[in-house]
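The structure appears right after this line, and notes come after that.
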Amino acid sequence: MAHEPKSLQEAIVFFSNPDNCIDYLAIRRWPNGVTCPQCGSDSVSFNAKRRTWKCASHHAKREFSVKVGTIMEDSPIALDKWLTAMWLVTNCKNGVSSYEIARDLNITQKSAWFVLHRIRLAMQDDFFGSKLGGEVEVDETFIGGKARNMHKSVRARRITGRGKSIDDKTAVMGILERGGKVRTKVIPDRSKDTLQGLVKNHVTAGAAVFTDELHGYWGLAGEYEHQIIDHAVKYVDGRVHTNGMENFWSLLKRGLHGTYVSVEPFHLFRYLDEQMFRFNNRKDLDDAGRFDLAVSQIVGKRITFAQLTGKPN
């Protein structure tokens, strides 16, 4: 296989060759050799004309392509367009809209929207079984329309304050291990049970936990080295601050407000997955590395248009 791409320009040229696309995906999907997705047999033959494999065993669906069993399954969109879209969404810091993908790849906006959501599925982190430790920042934010952009009557009706009622916005909680990774989750409320339950699920006991003065965090000191920064007084007190999480929220909202503009609450967790992927891999991997990681996670993940929208195609 030719020299693998290191930049977007190189990726577009490289993946314009269908054989390069198949080789790139096959090597990452089957590092020890191609096997049948149905029976697992390695006795397969490649049809260069059709660019598919055929299993020697006789069973249903014995002929398969590199798309089978991935986020790309049953997609009529060519691999070069899929991989270009994946390069863009894994590396554009503020995300990339479906309208822009549609123009760049010459596909419909509906198809581009579907492609992006399937790529976000592949970008989901697989480290949720482990816990964060060391110094950990915990914070929450609200996602929704900006009050200054609303008509006075709409603002009075929708902005209800920052108490436990969050009917006007969607609440998101974030947990950041300093020097490590971030985890986020859409939460139903900011009650003590919700906030402290997530901290205990994702943070190792005995870790140093830094939060703001929200009462929902009170009581963590029994299990953690809990320290509070009162934002009404100051934002930093030595090591006590939540500026790392504030940085992540800034990046997230820049993408949501500037690129995606309007995100439905029931799809918000997918956009969180996208931003977490880029944030968590910003230091250790370059553009090619992030792309390669996303490609390695496309197998075994599939979502249909009906599942995404809740209605038939």
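Chain labels run A, B, ... following the order of the structure tokens; each chain numbers its residues from 1, and ligands are numbered from 1 in the order shown.
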| request: Based on DSSP run over this structure's backbone, return all residues of range 133-259 of chain A in alpha helix (DSSP H), as a ChimeraX atom specification. | output: /A:152-158,192-202,243-255
Would you export the selected residues with N, CA, C and O atoms as a compact mmCIF listing (two decimals), in the first residue's frame, please?
# COMPACT_ATOMS: atom_id res chain seq x y z
N LYS A 152 -37.98 39.44 24.43
CA LYS A 152 -38.21 39.66 25.85
C LYS A 152 -39.28 38.73 26.42
O LYS A 152 -39.11 38.16 27.51
N SER A 153 -40.37 38.55 25.69
CA SER A 153 -41.46 37.70 26.19
C SER A 153 -41.03 36.23 26.24
O SER A 153 -41.40 35.50 27.16
N VAL A 154 -40.24 35.80 25.25
CA VAL A 154 -39.76 34.42 25.23
C VAL A 154 -38.76 34.19 26.35
O VAL A 154 -38.78 33.16 27.03
N ARG A 155 -37.88 35.18 26.57
CA ARG A 155 -36.88 35.06 27.63
C ARG A 155 -37.55 34.95 29.00
O ARG A 155 -37.15 34.14 29.83
N ALA A 156 -38.59 35.73 29.23
CA ALA A 156 -39.29 35.69 30.52
C ALA A 156 -39.98 34.34 30.73
O ALA A 156 -40.08 33.86 31.87
N ARG A 157 -40.42 33.72 29.63
CA ARG A 157 -41.11 32.44 29.74
C ARG A 157 -40.16 31.27 29.90
O ARG A 157 -40.43 30.32 30.62
N ARG A 158 -38.99 31.31 29.22
CA ARG A 158 -38.11 30.15 29.15
C ARG A 158 -36.99 30.14 30.18
O ARG A 158 -36.57 29.07 30.64
N LYS A 192 -28.25 16.28 44.73
CA LYS A 192 -27.11 15.65 45.41
C LYS A 192 -26.93 14.21 44.97
O LYS A 192 -25.82 13.75 44.71
N ASP A 193 -28.04 13.48 44.87
CA ASP A 193 -27.96 12.07 44.49
C ASP A 193 -27.38 11.90 43.09
O ASP A 193 -26.55 11.02 42.85
N THR A 194 -27.81 12.76 42.17
CA THR A 194 -27.34 12.66 40.79
C THR A 194 -25.86 13.00 40.69
O THR A 194 -25.07 12.23 40.12
N LEU A 195 -25.46 14.14 41.23
CA LEU A 195 -24.08 14.60 41.10
C LEU A 195 -23.10 13.70 41.83
O LEU A 195 -22.09 13.27 41.28
N GLN A 196 -23.40 13.39 43.08
CA GLN A 196 -22.46 12.58 43.86
C GLN A 196 -22.44 11.12 43.38
O GLN A 196 -21.41 10.45 43.46
N GLY A 197 -23.57 10.66 42.85
CA GLY A 197 -23.60 9.31 42.31
C GLY A 197 -22.66 9.16 41.12
O GLY A 197 -21.93 8.16 41.01
N LEU A 198 -22.63 10.17 40.24
CA LEU A 198 -21.73 10.13 39.09
C LEU A 198 -20.27 10.25 39.50
O LEU A 198 -19.39 9.60 38.93
N VAL A 199 -20.00 11.09 40.50
CA VAL A 199 -18.63 11.22 40.99
C VAL A 199 -18.14 9.89 41.53
O VAL A 199 -17.03 9.43 41.22
N LYS A 200 -18.96 9.21 42.30
CA LYS A 200 -18.55 7.93 42.89
C LYS A 200 -18.40 6.84 41.83
O LYS A 200 -17.60 5.92 41.99
N ASN A 201 -19.17 6.94 40.74
CA ASN A 201 -19.07 5.94 39.68
C ASN A 201 -17.81 6.11 38.84
O ASN A 201 -17.30 5.13 38.27
N HIS A 202 -17.29 7.34 38.75
CA HIS A 202 -16.22 7.61 37.80
C HIS A 202 -14.90 8.08 38.42
O HIS A 202 -13.92 8.23 37.72
N ASN A 243 -10.91 25.32 36.24
CA ASN A 243 -10.64 25.96 34.95
C ASN A 243 -10.44 24.97 33.82
O ASN A 243 -10.67 25.30 32.66
N GLY A 244 -9.99 23.75 34.15
CA GLY A 244 -9.84 22.74 33.11
C GLY A 244 -11.18 22.37 32.51
O GLY A 244 -11.33 22.26 31.28
N MET A 245 -12.19 22.17 33.36
CA MET A 245 -13.53 21.87 32.87
C MET A 245 -14.13 23.06 32.15
O MET A 245 -14.83 22.91 31.15
N GLU A 246 -13.85 24.27 32.67
CA GLU A 246 -14.36 25.47 32.00
C GLU A 246 -13.79 25.57 30.58
O GLU A 246 -14.48 26.01 29.65
N ASN A 247 -12.54 25.16 30.41
CA ASN A 247 -11.92 25.15 29.09
C ASN A 247 -12.66 24.19 28.16
O ASN A 247 -12.94 24.52 27.00
N PHE A 248 -12.99 23.01 28.68
CA PHE A 248 -13.72 22.04 27.86
C PHE A 248 -15.10 22.58 27.50
O PHE A 248 -15.55 22.44 26.36
N TRP A 249 -15.80 23.17 28.47
CA TRP A 249 -17.13 23.73 28.16
C TRP A 249 -17.03 24.81 27.09
O TRP A 249 -17.91 24.92 26.23
N SER A 250 -15.97 25.60 27.13
CA SER A 250 -15.78 26.65 26.12
C SER A 250 -15.65 26.05 24.73
O SER A 250 -16.26 26.52 23.77
N LEU A 251 -14.83 24.98 24.61
CA LEU A 251 -14.66 24.31 23.32
C LEU A 251 -15.98 23.70 22.85
O LEU A 251 -16.34 23.79 21.68
N LEU A 252 -16.68 23.05 23.77
CA LEU A 252 -17.95 22.41 23.43
C LEU A 252 -18.97 23.42 22.91
O LEU A 252 -19.58 23.22 21.85
N LYS A 253 -19.13 24.52 23.62
CA LYS A 253 -20.15 25.50 23.25
C LYS A 253 -19.77 26.27 21.99
O LYS A 253 -20.63 26.74 21.25
N ARG A 254 -18.46 26.41 21.76
CA ARG A 254 -18.03 27.04 20.52
C ARG A 254 -18.49 26.22 19.32
O ARG A 254 -18.92 26.76 18.30
N GLY A 255 -18.41 24.91 19.45
CA GLY A 255 -18.88 24.05 18.37
C GLY A 255 -20.40 24.01 18.28
O GLY A 255 -20.97 24.11 17.19
Contact table range 183-300 of chain A vs range 83-88 of chain A, cut-off 12 Å, shortest pair per residue, only C-alpha atoms, as a Markdown table:
| residue | atom | partner | partner_atom | distance |
| --- | --- | --- | --- | --- |
| A:Glu274 | CA | A:Met86 | CA | 11.2 |
| A:Arg278 | CA | A:Leu88 | CA | 11.3 |
| A:Asp286 | CA | A:Trp87 | CA | 11.5 |
| A:Asp287 | CA | A:Trp87 | CA | 7.9 |
| A:Ala288 | CA | A:Trp87 | CA | 8.1 |
| A:Gly289 | CA | A:Trp87 | CA | 10.2 |
| A:Arg290 | CA | A:Trp87 | CA | 8.4 |
| A:Phe291 | CA | A:Trp87 | CA | 5.6 |
| A:Asp292 | CA | A:Trp87 | CA | 8.9 |
| A:Leu293 | CA | A:Trp87 | CA | 10.7 |
| A:Ala294 | CA | A:Met86 | CA | 7.8 |
| A:Val295 | CA | A:Met86 | CA | 8.1 |
| A:Ser296 | CA | A:Met86 | CA | 11.7 |
| A:Gln297 | CA | A:Met86 | CA | 11.7 |
| A:Ile298 | CA | A:Met86 | CA | 10.6 |
Keeping only N, CA, C and O atoms, take the residues you just selected and write them out as a PDB file, in the first residue's frame.
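Output (selection_5.pdb):
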ATOM      1  N   GLU A 274     -18.377  13.338  20.416  1.00  0.00           N
ATOM      2  CA  GLU A 274     -17.490  13.910  19.405  1.00  0.00           C
ATOM      3  C   GLU A 274     -16.449  14.829  20.032  1.00  0.00           C
ATOM      4  O   GLU A 274     -15.252  14.723  19.760  1.00  0.00           O
ATOM      5  N   ARG A 278     -12.072  14.322  20.501  1.00  0.00           N
ATOM      6  CA  ARG A 278     -11.019  15.247  20.076  1.00  0.00           C
ATOM      7  C   ARG A 278     -10.226  15.767  21.267  1.00  0.00           C
ATOM      8  O   ARG A 278      -9.001  15.878  21.217  1.00  0.00           O
ATOM      9  N   ASP A 286      -1.653  12.971  16.595  1.00  0.00           N
ATOM     10  CA  ASP A 286      -1.783  14.029  15.601  1.00  0.00           C
ATOM     11  C   ASP A 286      -3.036  13.757  14.771  1.00  0.00           C
ATOM     12  O   ASP A 286      -3.821  12.851  15.075  1.00  0.00           O
ATOM     13  N   ASP A 287      -3.250  14.524  13.700  1.00  0.00           N
ATOM     14  CA  ASP A 287      -4.459  14.362  12.890  1.00  0.00           C
ATOM     15  C   ASP A 287      -4.599  12.946  12.352  1.00  0.00           C
ATOM     16  O   ASP A 287      -5.677  12.346  12.400  1.00  0.00           O
ATOM     17  N   ALA A 288      -3.495  12.407  11.831  1.00  0.00           N
ATOM     18  CA  ALA A 288      -3.523  11.051  11.276  1.00  0.00           C
ATOM     19  C   ALA A 288      -3.798  10.025  12.372  1.00  0.00           C
ATOM     20  O   ALA A 288      -4.515   9.042  12.144  1.00  0.00           O
ATOM     21  N   GLY A 289      -3.275  10.249  13.561  1.00  0.00           N
ATOM     22  CA  GLY A 289      -3.481   9.328  14.671  1.00  0.00           C
ATOM     23  C   GLY A 289      -4.917   9.310  15.147  1.00  0.00           C
ATOM     24  O   GLY A 289      -5.471   8.243  15.442  1.00  0.00           O
ATOM     25  N   ARG A 290      -5.539  10.499  15.250  1.00  0.00           N
ATOM     26  CA  ARG A 290      -6.945  10.553  15.656  1.00  0.00           C
ATOM     27  C   ARG A 290      -7.836   9.876  14.618  1.00  0.00           C
ATOM     28  O   ARG A 290      -8.775   9.145  14.958  1.00  0.00           O
ATOM     29  N   PHE A 291      -7.539  10.120  13.349  1.00  0.00           N
ATOM     30  CA  PHE A 291      -8.295   9.488  12.278  1.00  0.00           C
ATOM     31  C   PHE A 291      -8.151   7.971  12.341  1.00  0.00           C
ATOM     32  O   PHE A 291      -9.130   7.236  12.248  1.00  0.00           O
ATOM     33  N   ASP A 292      -6.934   7.513  12.522  1.00  0.00           N
ATOM     34  CA  ASP A 292      -6.661   6.080  12.590  1.00  0.00           C
ATOM     35  C   ASP A 292      -7.403   5.446  13.767  1.00  0.00           C
ATOM     36  O   ASP A 292      -7.961   4.346  13.651  1.00  0.00           O
ATOM     37  N   LEU A 293      -7.435   6.130  14.906  1.00  0.00           N
ATOM     38  CA  LEU A 293      -8.141   5.617  16.084  1.00  0.00           C
ATOM     39  C   LEU A 293      -9.635   5.500  15.810  1.00  0.00           C
ATOM     40  O   LEU A 293     -10.263   4.495  16.164  1.00  0.00           O
ATOM     41  N   ALA A 294     -10.209   6.525  15.182  1.00  0.00           N
ATOM     42  CA  ALA A 294     -11.642   6.485  14.866  1.00  0.00           C
ATOM     43  C   ALA A 294     -11.963   5.351  13.909  1.00  0.00           C
ATOM     44  O   ALA A 294     -12.959   4.630  14.091  1.00  0.00           O
ATOM     45  N   VAL A 295     -11.110   5.155  12.901  1.00  0.00           N
ATOM     46  CA  VAL A 295     -11.326   4.075  11.938  1.00  0.00           C
ATOM     47  C   VAL A 295     -11.272   2.717  12.636  1.00  0.00           C
ATOM     48  O   VAL A 295     -12.043   1.806  12.318  1.00  0.00           O
ATOM     49  N   SER A 296     -10.394   2.567  13.611  1.00  0.00           N
ATOM     50  CA  SER A 296     -10.257   1.289  14.315  1.00  0.00           C
ATOM     51  C   SER A 296     -11.462   0.972  15.191  1.00  0.00           C
ATOM     52  O   SER A 296     -11.590  -0.150  15.683  1.00  0.00           O
ATOM     53  N   GLN A 297     -12.360   1.957  15.387  1.00  0.00           N
ATOM     54  CA  GLN A 297     -13.518   1.769  16.265  1.00  0.00           C
ATOM     55  C   GLN A 297     -14.839   1.669  15.514  1.00  0.00           C
ATOM     56  O   GLN A 297     -15.908   1.779  16.118  1.00  0.00           O
ATOM     57  N   ILE A 298     -14.793   1.459  14.190  1.00  0.00           N
ATOM     58  CA  ILE A 298     -16.035   1.454  13.405  1.00  0.00           C
ATOM     59  C   ILE A 298     -16.729   0.094  13.410  1.00  0.00           C
ATOM     60  O   ILE A 298     -17.898  -0.004  13.039  1.00  0.00           O
TER      61      ILE A 298
END
| task | Please provide the set of residues having any atom within 9 Å of range 258-264 of chain A, restricted to only C-alpha atoms, with same-chain residues fewer than 3 positions apart removed, written as a PyMOL selection string. | result | chain A and resi 94-98+144-145+253-255+267-268+271
| said: Which residues are close to Ala112 in chain A, i.e. within 9 Å by only C-alpha atoms, leaving aside same-chain residues fewer than 4 positions away? Reply as an MDAnalysis selection string. | reply: chainID A and resid 85 97:102 105 107:108 116:117
| field | Non-local contacts of range 180-189 of chain A (10 Å; only C-alpha atoms; under 3 positions in same chain excluded) as a PyMOL selection string | value | chain A and resi 125+127-128+132-143+163-167+170-177+192-195+198+202+244-245+248+265-266+268-269+272-273+275-277+279-281+283
| request: Write down as JSON, numbers by chain the residues belonging to range 50-154 of chain A that are assigned strand (DSSP E) by DSSP computed on the backbone. | output: {"A": [52, 53, 54, 55, 63, 64, 135, 136, 137, 138, 139, 140, 141, 142, 143]}
| said: Just want the 9 Å neighbourhood of Gly69 in chain A, counted on only C-alpha atoms, with same-chain residues fewer than 6 positions away dropped. Output as a list in words. | reply: Pro37, Ile298, Val299, Gly300, Lys301 and Arg302 of chain A
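Atom pair CA of His231 in chain A / CA of Leu256 in chain A: separated by 24.8 Å.
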| Taking only C-alpha atoms into account, which of A:Asn91, A:Glu63, A:Ala208, A:Met123 comes nearest Lys6 in chain A? |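 Smallest distance to Lys6 in chain A is found for A:Asn91.
Closest to Arg51 in chain A among A:His3, A:Arg270, A:Arg239, A:Lys67 is A:Lys67, based on only C-alpha atoms.
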| task | Find the residue from A:Ile12, A:Ser57, A:Ser191, A:Ile228 that sits nearest to Gly40 in chain A; use only C-alpha atoms when measuring. | result | A:Ser57
| task | Could you please determine the separation between CA of Tyr224 in chain A and CA of Thr204 in chain A in Å, to one decimal place? | result |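 Going from CA of Tyr224 in chain A over to CA of Thr204 in chain A covers 8.4 Å.
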